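This is query_18.pdb (PDB, C-alpha atoms, pLDDT in the B column).
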ATOM      1  CA  MET A   1      17.852  -4.407  -2.138  1.00 37.00           C
ATOM      2  CA  SER A   2      16.897  -7.959  -1.309  1.00 36.00           C
ATOM      3  CA  ASP A   3      16.884  -9.087   2.304  1.00 38.00           C
ATOM      4  CA  GLY A   4      17.153 -12.745   1.455  1.00 39.00           C
ATOM      5  CA  THR A   5      13.529 -13.598   2.223  1.00 38.00           C
ATOM      6  CA  PRO A   6      11.243 -15.122  -0.415  1.00 39.00           C
ATOM      7  CA  GLU A   7       9.495 -12.503  -2.504  1.00 44.00           C
ATOM      8  CA  LYS A   8       5.730 -12.260  -2.335  1.00 49.00           C
ATOM      9  CA  LYS A   9       3.373 -11.068  -5.002  1.00 55.00           C
ATOM     10  CA  SER A  10       3.170  -7.305  -4.780  1.00 61.00           C
ATOM     11  CA  PHE A  11       2.916  -4.299  -7.034  1.00 60.00           C
ATOM     12  CA  GLU A  12       6.555  -3.466  -6.279  1.00 63.00           C
ATOM     13  CA  ASN A  13       7.775  -6.923  -7.301  1.00 62.00           C
ATOM     14  CA  TYR A  14       5.597  -6.801 -10.419  1.00 60.00           C
ATOM     15  CA  MET A  15       7.140  -3.474 -11.445  1.00 61.00           C
ATOM     16  CA  ARG A  16      10.670  -4.687 -10.809  1.00 60.00           C
ATOM     17  CA  LYS A  17      10.132  -7.813 -12.898  1.00 65.00           C
ATOM     18  CA  SER A  18       8.398  -5.900 -15.707  1.00 63.00           C
ATOM     19  CA  PHE A  19      11.293  -3.478 -16.063  1.00 62.00           C
ATOM     20  CA  SER A  20      14.084  -5.878 -15.116  1.00 66.00           C
ATOM     21  CA  ARG A  21      15.845  -5.664 -18.497  1.00 75.00           C
ATOM     22  CA  ILE A  22      15.883  -1.868 -18.446  1.00 77.00           C
ATOM     23  CA  LEU A  23      17.025  -1.828 -14.814  1.00 72.00           C
ATOM     24  CA  ASP A  24      19.818  -4.313 -15.557  1.00 72.00           C
ATOM     25  CA  ALA A  25      20.973  -2.248 -18.536  1.00 80.00           C
ATOM     26  CA  VAL A  26      21.056   0.971 -16.529  1.00 74.00           C
ATOM     27  CA  ALA A  27      22.736  -0.792 -13.609  1.00 74.00           C
ATOM     28  CA  GLY A  28      25.432  -2.183 -15.904  1.00 77.00           C
ATOM     29  CA  PHE A  29      26.087   1.245 -17.401  1.00 78.00           C
ATOM     30  CA  LEU A  30      26.396   2.919 -13.990  1.00 78.00           C
ATOM     31  CA  LEU A  31      28.676   0.191 -12.648  1.00 76.00           C
ATOM     32  CA  GLY A  32      30.824   0.578 -15.749  1.00 80.00           C
ATOM     33  CA  ALA A  33      31.082   4.287 -14.976  1.00 82.00           C
ATOM     34  CA  GLY A  34      32.560   3.441 -11.593  1.00 78.00           C
ATOM     35  CA  LEU A  35      29.474   4.124  -9.485  1.00 80.00           C
ATOM     36  CA  ARG A  36      28.266   1.860  -6.699  1.00 81.00           C
ATOM     37  CA  PRO A  37      24.766   1.176  -5.296  1.00 79.00           C
ATOM     38  CA  ASN A  38      25.248   3.426  -2.263  1.00 81.00           C
ATOM     39  CA  HIS A  39      26.163   6.321  -4.562  1.00 83.00           C
ATOM     40  CA  ILE A  40      22.835   5.991  -6.361  1.00 85.00           C
ATOM     41  CA  THR A  41      20.963   5.734  -3.064  1.00 86.00           C
ATOM     42  CA  LEU A  42      22.495   9.038  -1.931  1.00 90.00           C
ATOM     43  CA  VAL A  43      21.803  10.704  -5.296  1.00 90.00           C
ATOM     44  CA  GLY A  44      18.142   9.781  -4.824  1.00 90.00           C
ATOM     45  CA  LEU A  45      18.199  11.375  -1.367  1.00 93.00           C
ATOM     46  CA  CYS A  46      19.635  14.626  -2.747  1.00 95.00           C
ATOM     47  CA  GLY A  47      17.021  14.654  -5.499  1.00 95.00           C
ATOM     48  CA  ASN A  48      14.218  14.224  -3.002  1.00 96.00           C
ATOM     49  CA  ILE A  49      15.589  17.051  -0.872  1.00 97.00           C
ATOM     50  CA  ILE A  50      15.309  19.282  -3.941  1.00 97.00           C
ATOM     51  CA  ALA A  51      11.797  17.943  -4.595  1.00 97.00           C
ATOM     52  CA  ALA A  52      10.760  18.692  -1.001  1.00 97.00           C
ATOM     53  CA  VAL A  53      12.034  22.278  -1.270  1.00 98.00           C
ATOM     54  CA  LEU A  54      10.112  22.765  -4.519  1.00 98.00           C
ATOM     55  CA  ILE A  55       6.930  21.369  -2.969  1.00 98.00           C
ATOM     56  CA  GLY A  56       7.262  23.497   0.158  1.00 97.00           C
ATOM     57  CA  SER A  57       7.678  26.607  -1.984  1.00 97.00           C
ATOM     58  CA  GLY A  58       4.447  25.861  -3.841  1.00 96.00           C
ATOM     59  CA  ARG A  59       5.977  24.456  -7.032  1.00 97.00           C
ATOM     60  CA  LEU A  60       3.981  21.248  -6.764  1.00 97.00           C
ATOM     61  CA  PHE A  61       4.318  20.105 -10.370  1.00 97.00           C
ATOM     62  CA  TRP A  62       8.084  20.545 -10.460  1.00 97.00           C
ATOM     63  CA  GLY A  63       8.451  18.956  -7.042  1.00 97.00           C
ATOM     64  CA  GLY A  64       6.367  16.009  -8.182  1.00 96.00           C
ATOM     65  CA  LEU A  65       8.399  15.723 -11.376  1.00 97.00           C
ATOM     66  CA  ALA A  66      11.679  15.748  -9.435  1.00 96.00           C
ATOM     67  CA  ALA A  67      10.346  13.071  -7.077  1.00 95.00           C
ATOM     68  CA  ALA A  68       9.145  10.990 -10.030  1.00 94.00           C
ATOM     69  CA  LEU A  69      12.620  11.100 -11.569  1.00 92.00           C
ATOM     70  CA  MET A  70      14.190   9.967  -8.290  1.00 90.00           C
ATOM     71  CA  GLY A  71      11.758   7.094  -7.707  1.00 85.00           C
ATOM     72  CA  PRO A  72      13.313   4.563 -10.131  1.00 83.00           C
ATOM     73  CA  LEU A  73      16.739   5.020  -8.535  1.00 81.00           C
ATOM     74  CA  ASP A  74      15.602   2.850  -5.635  1.00 79.00           C
ATOM     75  CA  ALA A  75      15.174  -0.041  -8.051  1.00 80.00           C
ATOM     76  CA  VAL A  76      18.418   0.778  -9.871  1.00 82.00           C
ATOM     77  CA  ASP A  77      20.596   0.571  -6.763  1.00 76.00           C
ATOM     78  CA  GLY A  78      19.108  -2.838  -5.989  1.00 75.00           C
ATOM     79  CA  ALA A  79      19.818  -4.022  -9.539  1.00 77.00           C
ATOM     80  CA  MET A  80      23.399  -2.772  -9.211  1.00 77.00           C
ATOM     81  CA  ALA A  81      23.871  -4.679  -5.958  1.00 77.00           C
ATOM     82  CA  ARG A  82      22.564  -7.871  -7.564  1.00 78.00           C
ATOM     83  CA  LYS A  83      24.893  -7.439 -10.525  1.00 75.00           C
ATOM     84  CA  LEU A  84      27.860  -7.034  -8.216  1.00 76.00           C
ATOM     85  CA  GLY A  85      26.806 -10.246  -6.506  1.00 75.00           C
ATOM     86  CA  THR A  86      28.055  -8.943  -3.169  1.00 64.00           C
ATOM     87  CA  PRO A  87      25.229  -6.981  -1.545  1.00 64.00           C
ATOM     88  CA  THR A  88      26.310  -5.818   1.891  1.00 70.00           C
ATOM     89  CA  ARG A  89      24.203  -5.764   5.037  1.00 76.00           C
ATOM     90  CA  PHE A  90      25.069  -2.108   5.500  1.00 80.00           C
ATOM     91  CA  GLY A  91      23.993  -1.372   1.933  1.00 75.00           C
ATOM     92  CA  GLY A  92      20.587  -2.877   2.626  1.00 77.00           C
ATOM     93  CA  PHE A  93      20.358  -0.981   5.906  1.00 82.00           C
ATOM     94  CA  LEU A  94      21.316   2.317   4.247  1.00 84.00           C
ATOM     95  CA  ASP A  95      18.795   1.735   1.457  1.00 82.00           C
ATOM     96  CA  SER A  96      15.977   1.190   3.968  1.00 85.00           C
ATOM     97  CA  VAL A  97      16.914   4.247   6.033  1.00 89.00           C
ATOM     98  CA  ILE A  98      17.135   6.491   2.964  1.00 90.00           C
ATOM     99  CA  ASP A  99      13.738   5.190   1.788  1.00 89.00           C
ATOM    100  CA  ARG A 100      12.241   6.499   5.031  1.00 92.00           C
ATOM    101  CA  TYR A 101      14.004   9.836   4.670  1.00 93.00           C
ATOM    102  CA  ASP A 102      12.837  10.160   1.047  1.00 94.00           C
ATOM    103  CA  GLU A 103       9.206   9.650   1.967  1.00 94.00           C
ATOM    104  CA  LEU A 104       9.276  11.916   5.007  1.00 96.00           C
ATOM    105  CA  LEU A 105      11.088  14.648   3.075  1.00 96.00           C
ATOM    106  CA  LEU A 106       8.346  14.735   0.452  1.00 97.00           C
ATOM    107  CA  LEU A 107       5.585  14.711   3.047  1.00 97.00           C
ATOM    108  CA  GLY A 108       7.497  17.377   4.961  1.00 97.00           C
ATOM    109  CA  GLY A 109       7.450  19.540   1.834  1.00 97.00           C
ATOM    110  CA  VAL A 110       3.708  18.999   1.537  1.00 98.00           C
ATOM    111  CA  LEU A 111       3.268  19.897   5.217  1.00 97.00           C
ATOM    112  CA  VAL A 112       5.144  23.185   4.695  1.00 98.00           C
ATOM    113  CA  TYR A 113       3.039  23.911   1.607  1.00 98.00           C
ATOM    114  CA  PHE A 114      -0.255  23.411   3.469  1.00 98.00           C
ATOM    115  CA  THR A 115       1.004  25.315   6.512  1.00 97.00           C
ATOM    116  CA  ARG A 116       2.017  28.315   4.412  1.00 96.00           C
ATOM    117  CA  GLY A 117      -1.356  28.232   2.684  1.00 96.00           C
ATOM    118  CA  GLY A 118      -3.277  28.033   5.953  1.00 96.00           C
ATOM    119  CA  ASN A 119      -4.864  24.725   4.933  1.00 97.00           C
ATOM    120  CA  THR A 120      -5.549  23.156   8.328  1.00 97.00           C
ATOM    121  CA  LEU A 121      -7.168  20.012   6.920  1.00 97.00           C
ATOM    122  CA  GLY A 122      -4.174  19.501   4.646  1.00 97.00           C
ATOM    123  CA  VAL A 123      -1.812  19.816   7.625  1.00 97.00           C
ATOM    124  CA  TYR A 124      -3.751  17.211   9.628  1.00 98.00           C
ATOM    125  CA  LEU A 125      -3.972  14.787   6.714  1.00 97.00           C
ATOM    126  CA  THR A 126      -0.275  15.129   5.901  1.00 98.00           C
ATOM    127  CA  TYR A 127       0.672  14.465   9.515  1.00 97.00           C
ATOM    128  CA  ALA A 128      -1.581  11.385   9.549  1.00 97.00           C
ATOM    129  CA  ALA A 129      -0.049  10.218   6.259  1.00 97.00           C
ATOM    130  CA  ALA A 130       3.476  10.591   7.654  1.00 96.00           C
ATOM    131  CA  ALA A 131       2.531   8.769  10.861  1.00 96.00           C
ATOM    132  CA  GLY A 132       0.961   5.905   8.926  1.00 94.00           C
ATOM    133  CA  SER A 133       3.956   5.620   6.596  1.00 94.00           C
ATOM    134  CA  VAL A 134       6.397   5.419   9.496  1.00 93.00           C
ATOM    135  CA  LEU A 135       4.278   2.886  11.367  1.00 94.00           C
ATOM    136  CA  VAL A 136       3.898   0.642   8.315  1.00 93.00           C
ATOM    137  CA  SER A 137       7.675   0.452   7.915  1.00 91.00           C
ATOM    138  CA  TYR A 138       8.322   0.134  11.647  1.00 91.00           C
ATOM    139  CA  MET A 139       5.845  -2.715  12.066  1.00 91.00           C
ATOM    140  CA  ARG A 140       7.467  -4.722   9.310  1.00 90.00           C
ATOM    141  CA  ALA A 141      10.952  -4.160  10.743  1.00 89.00           C
ATOM    142  CA  ARG A 142       9.840  -4.975  14.286  1.00 90.00           C
ATOM    143  CA  ALA A 143       7.882  -8.029  13.167  1.00 91.00           C
ATOM    144  CA  GLU A 144      10.837  -9.422  11.231  1.00 89.00           C
ATOM    145  CA  ALA A 145      13.143  -8.757  14.196  1.00 89.00           C
ATOM    146  CA  LEU A 146      10.839 -11.075  16.187  1.00 88.00           C
ATOM    147  CA  SER A 147      10.834 -13.671  13.363  1.00 88.00           C
ATOM    148  CA  PHE A 148       7.291 -12.868  12.203  1.00 91.00           C
ATOM    149  CA  ASP A 149       6.172 -12.024   8.675  1.00 90.00           C
ATOM    150  CA  GLY A 150       5.239  -8.348   8.421  1.00 85.00           C
ATOM    151  CA  LYS A 151       4.986  -7.788   4.667  1.00 86.00           C
ATOM    152  CA  VAL A 152       1.207  -7.770   4.263  1.00 85.00           C
ATOM    153  CA  GLY A 153      -0.804  -4.621   3.666  1.00 83.00           C
ATOM    154  CA  LEU A 154      -2.957  -2.537   1.382  1.00 85.00           C
ATOM    155  CA  LEU A 155      -0.514   0.301   0.756  1.00 88.00           C
ATOM    156  CA  THR A 156       3.224  -0.337   0.651  1.00 87.00           C
ATOM    157  CA  ARG A 157       5.883   2.311   0.067  1.00 88.00           C
ATOM    158  CA  VAL A 158       5.805   2.121  -3.728  1.00 88.00           C
ATOM    159  CA  GLU A 159       2.043   2.639  -3.867  1.00 91.00           C
ATOM    160  CA  ARG A 160       2.293   5.541  -1.400  1.00 93.00           C
ATOM    161  CA  TYR A 161       5.033   7.110  -3.502  1.00 93.00           C
ATOM    162  CA  ILE A 162       3.019   6.840  -6.704  1.00 94.00           C
ATOM    163  CA  ILE A 163      -0.162   8.207  -5.120  1.00 96.00           C
ATOM    164  CA  LEU A 164       1.719  11.211  -3.719  1.00 96.00           C
ATOM    165  CA  ILE A 165       3.487  11.977  -6.989  1.00 96.00           C
ATOM    166  CA  VAL A 166       0.267  11.762  -9.015  1.00 96.00           C
ATOM    167  CA  GLY A 167      -1.382  14.144  -6.563  1.00 97.00           C
ATOM    168  CA  LEU A 168       1.500  16.600  -6.879  1.00 97.00           C
ATOM    169  CA  LEU A 169       1.572  16.501 -10.676  1.00 97.00           C
ATOM    170  CA  LEU A 170      -2.185  16.981 -10.989  1.00 96.00           C
ATOM    171  CA  ASN A 171      -2.470  19.472  -8.109  1.00 94.00           C
ATOM    172  CA  TRP A 172      -4.636  17.006  -6.185  1.00 96.00           C
ATOM    173  CA  THR A 173      -2.232  16.914  -3.260  1.00 96.00           C
ATOM    174  CA  ILE A 174      -4.829  17.032  -0.512  1.00 97.00           C
ATOM    175  CA  TYR A 175      -6.562  13.994  -2.026  1.00 97.00           C
ATOM    176  CA  SER A 176      -3.324  12.052  -2.305  1.00 97.00           C
ATOM    177  CA  VAL A 177      -2.304  12.682   1.305  1.00 97.00           C
ATOM    178  CA  GLY A 178      -5.865  11.881   2.374  1.00 97.00           C
ATOM    179  CA  ILE A 179      -5.669   8.494   0.656  1.00 97.00           C
ATOM    180  CA  ILE A 180      -2.264   7.793   2.187  1.00 97.00           C
ATOM    181  CA  ALA A 181      -3.490   8.891   5.629  1.00 97.00           C
ATOM    182  CA  VAL A 182      -6.446   6.510   5.556  1.00 96.00           C
ATOM    183  CA  LEU A 183      -4.967   3.505   3.748  1.00 95.00           C
ATOM    184  CA  GLY A 184      -1.499   3.910   5.260  1.00 94.00           C
ATOM    185  CA  ASN A 185      -2.831   3.672   8.790  1.00 95.00           C
ATOM    186  CA  ALA A 186      -5.187   0.882   7.720  1.00 95.00           C
ATOM    187  CA  THR A 187      -2.114  -0.997   6.473  1.00 94.00           C
ATOM    188  CA  ALA A 188      -0.375  -0.466   9.809  1.00 93.00           C
ATOM    189  CA  ILE A 189      -3.390  -1.896  11.639  1.00 93.00           C
ATOM    190  CA  GLN A 190      -3.532  -4.768   9.129  1.00 93.00           C
ATOM    191  CA  ARG A 191       0.092  -5.645   9.891  1.00 93.00           C
ATOM    192  CA  LEU A 192      -0.538  -5.415  13.625  1.00 93.00           C
ATOM    193  CA  LEU A 193      -3.425  -7.878  13.383  1.00 93.00           C
ATOM    194  CA  TYR A 194      -1.433 -10.174  11.090  1.00 93.00           C
ATOM    195  CA  VAL A 195       1.443 -10.392  13.561  1.00 92.00           C
ATOM    196  CA  LYS A 196      -1.039 -10.939  16.388  1.00 91.00           C
ATOM    197  CA  LYS A 197      -2.512 -13.864  14.441  1.00 90.00           C
ATOM    198  CA  GLN A 198       0.934 -15.382  13.906  1.00 91.00           C
ATOM    199  CA  ALA A 199       1.821 -14.944  17.578  1.00 88.00           C
ATOM    200  CA  GLY A 200      -1.450 -16.637  18.580  1.00 85.00           C
ATOM    201  CA  ALA A 201      -0.775 -19.575  16.270  1.00 82.00           C
ATOM    202  CA  LEU A 202       2.744 -19.914  17.685  1.00 79.00           C
ATOM    203  CA  SER A 203       1.513 -19.889  21.282  1.00 74.00           C
ATOM    204  CA  ARG A 204      -1.021 -22.634  20.469  1.00 75.00           C
ATOM    205  CA  GLN A 205       1.777 -24.776  19.062  1.00 73.00           C
ATOM    206  CA  ASP A 206       3.708 -24.353  22.320  1.00 61.00           C
TER     207      ASP A 206
END
Using structure tokens, write down the structure that the file contains.
Amino acid sequence: MSDGTPEKKSFENYMRKSFSRILDAVAGFLLGAGLRPNHITLVGLCGNIIAAVLIGSGRLFWGGLAAALMGPLDAVDGAMARKLGTPTRFGGFLDSVIDRYDELLLLGGVLVYFTRGGNTLGVYLTYAAAAGSVLVSYMRARAEALSFDGKVGLLTRVERYIILIVGLLLNWTIYSVGIIAVLGNATAIQRLLYVKKQAGALSRQD
């Protein structure tokens, strides 16, 4: 869902624009069926819970497939809100919170999978990936709360989601969480430095 700030060039925005007609068509159909954006957000959460259980039980392909099917719902609920023309602040808040739950659920499933398999490296990498993912989102939220821009970064949520799903589908999970661990935390540091630069520029103006 849009937060009212100008959109920047990103892979996520590119995907949304590329599939805007399909998203609008699906959104119109779901609205006509009496559903609302928050309903779709919660359906996505339930789907990712199922995906996490599948992953934790060792069914990586099916868990990845379930997660892949849930991914587009995040764009659909936003399209539905835009069609309604009355996006609510709570709707945007709920969407952001559920996004965090979705990502941590999937990584939690991966953590259980590696723990059950005795893969210590996989456990460490998954923990680092989860920490980086949370920090990336937190830094943006905290930066914007202080009126700074916090949207920069190498690896945003959509890219992390795609990398994880590809790893699950191809049974390359340890590589996918390794990439997220490294680039996710690099993105967090990138945002930290970007906010520091903005704060420095602001202090010089004062």
Residue members of the PyMOL selection byres ((chain A and resi 48) around 10) in the file shown, as a list in words: Leu42, Val43, Gly44, Leu45, Cys46, Gly47, Ile49, Ile50, Ala51, Ala52, Val53, Leu54, Gly63, Gly64, Ala66, Ala67, Ala68, Leu69, Met70, Gly71, Tyr101, Asp102, Glu103, Leu104, Leu105, Leu106 and Gly109 of chain A
Of the listed residues A:Gln198, A:Ser96, A:Thr173, A:Thr126, that which approaches A:Arg157 most closely, counting all atoms listed in the file: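 Going through A:Gln198, A:Ser96, A:Thr173, A:Thr126 one by one, the smallest distance to A:Arg157 is for A:Ser96.
Atom to atom, atom CA of A:Tyr127 and atom CA of A:Val110 stand 9.7 Å apart.
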Within 6 Å of stretch 129-134 of chain A using all atoms listed in the file, minus same-chain residues under 5 positions, as a ChimeraX atom specification: /A:177,180-181,184-185
Using the chain letters and residue numbers of this document, give as a ChimeraX atom specification the residues selected by the PyMOL selection byres ((chain A and resi 151) around 8). /A:140,149-150,152-153,191
Which residue out of A:Ser137, A:Asn119, A:Asn38, A:Ser57 has the minimum interatomic distance to A:Asp95 when only C-alpha atoms are used? A:Asn38
Counting all atoms listed in the file, which of A:Thr156, A:Phe148, A:Phe61, A:Gly178 gets nearest to A:Ala201? A:Phe148
Separation of atom CA of A:Ala79 from atom CA of A:Leu146, in Å and rounded to one decimal: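 These atoms are spaced 28.1 Å apart.
When atom CA of A:Asn171 is paired with atom CA of A:Thr41, their separation reads 27.6 Å.
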Could you write out as JSON the box around stretch 120-125 of chain A (axis-aligned, all atoms listed in the file, 5 Å on each side), with centre and edge lengths in Å to one decimal?
{"center_x": -4.5, "center_y": 19.0, "center_z": 7.1, "size_x": 15.4, "size_y": 18.4, "size_z": 15.0}
Which polymer residues have any atom within 12 Å of an atom of A:Leu31, counting only C-alpha atoms, with same-chain residues fewer than 4 positions away left out, as a VMD selection string? chain A and resid 24 to 27 35 to 40 76 to 77 79 to 84
Between A:Leu192, A:Leu183, A:Val166, A:Leu73, which is the closest to A:Leu125 once you count only C-alpha atoms? A:Leu183
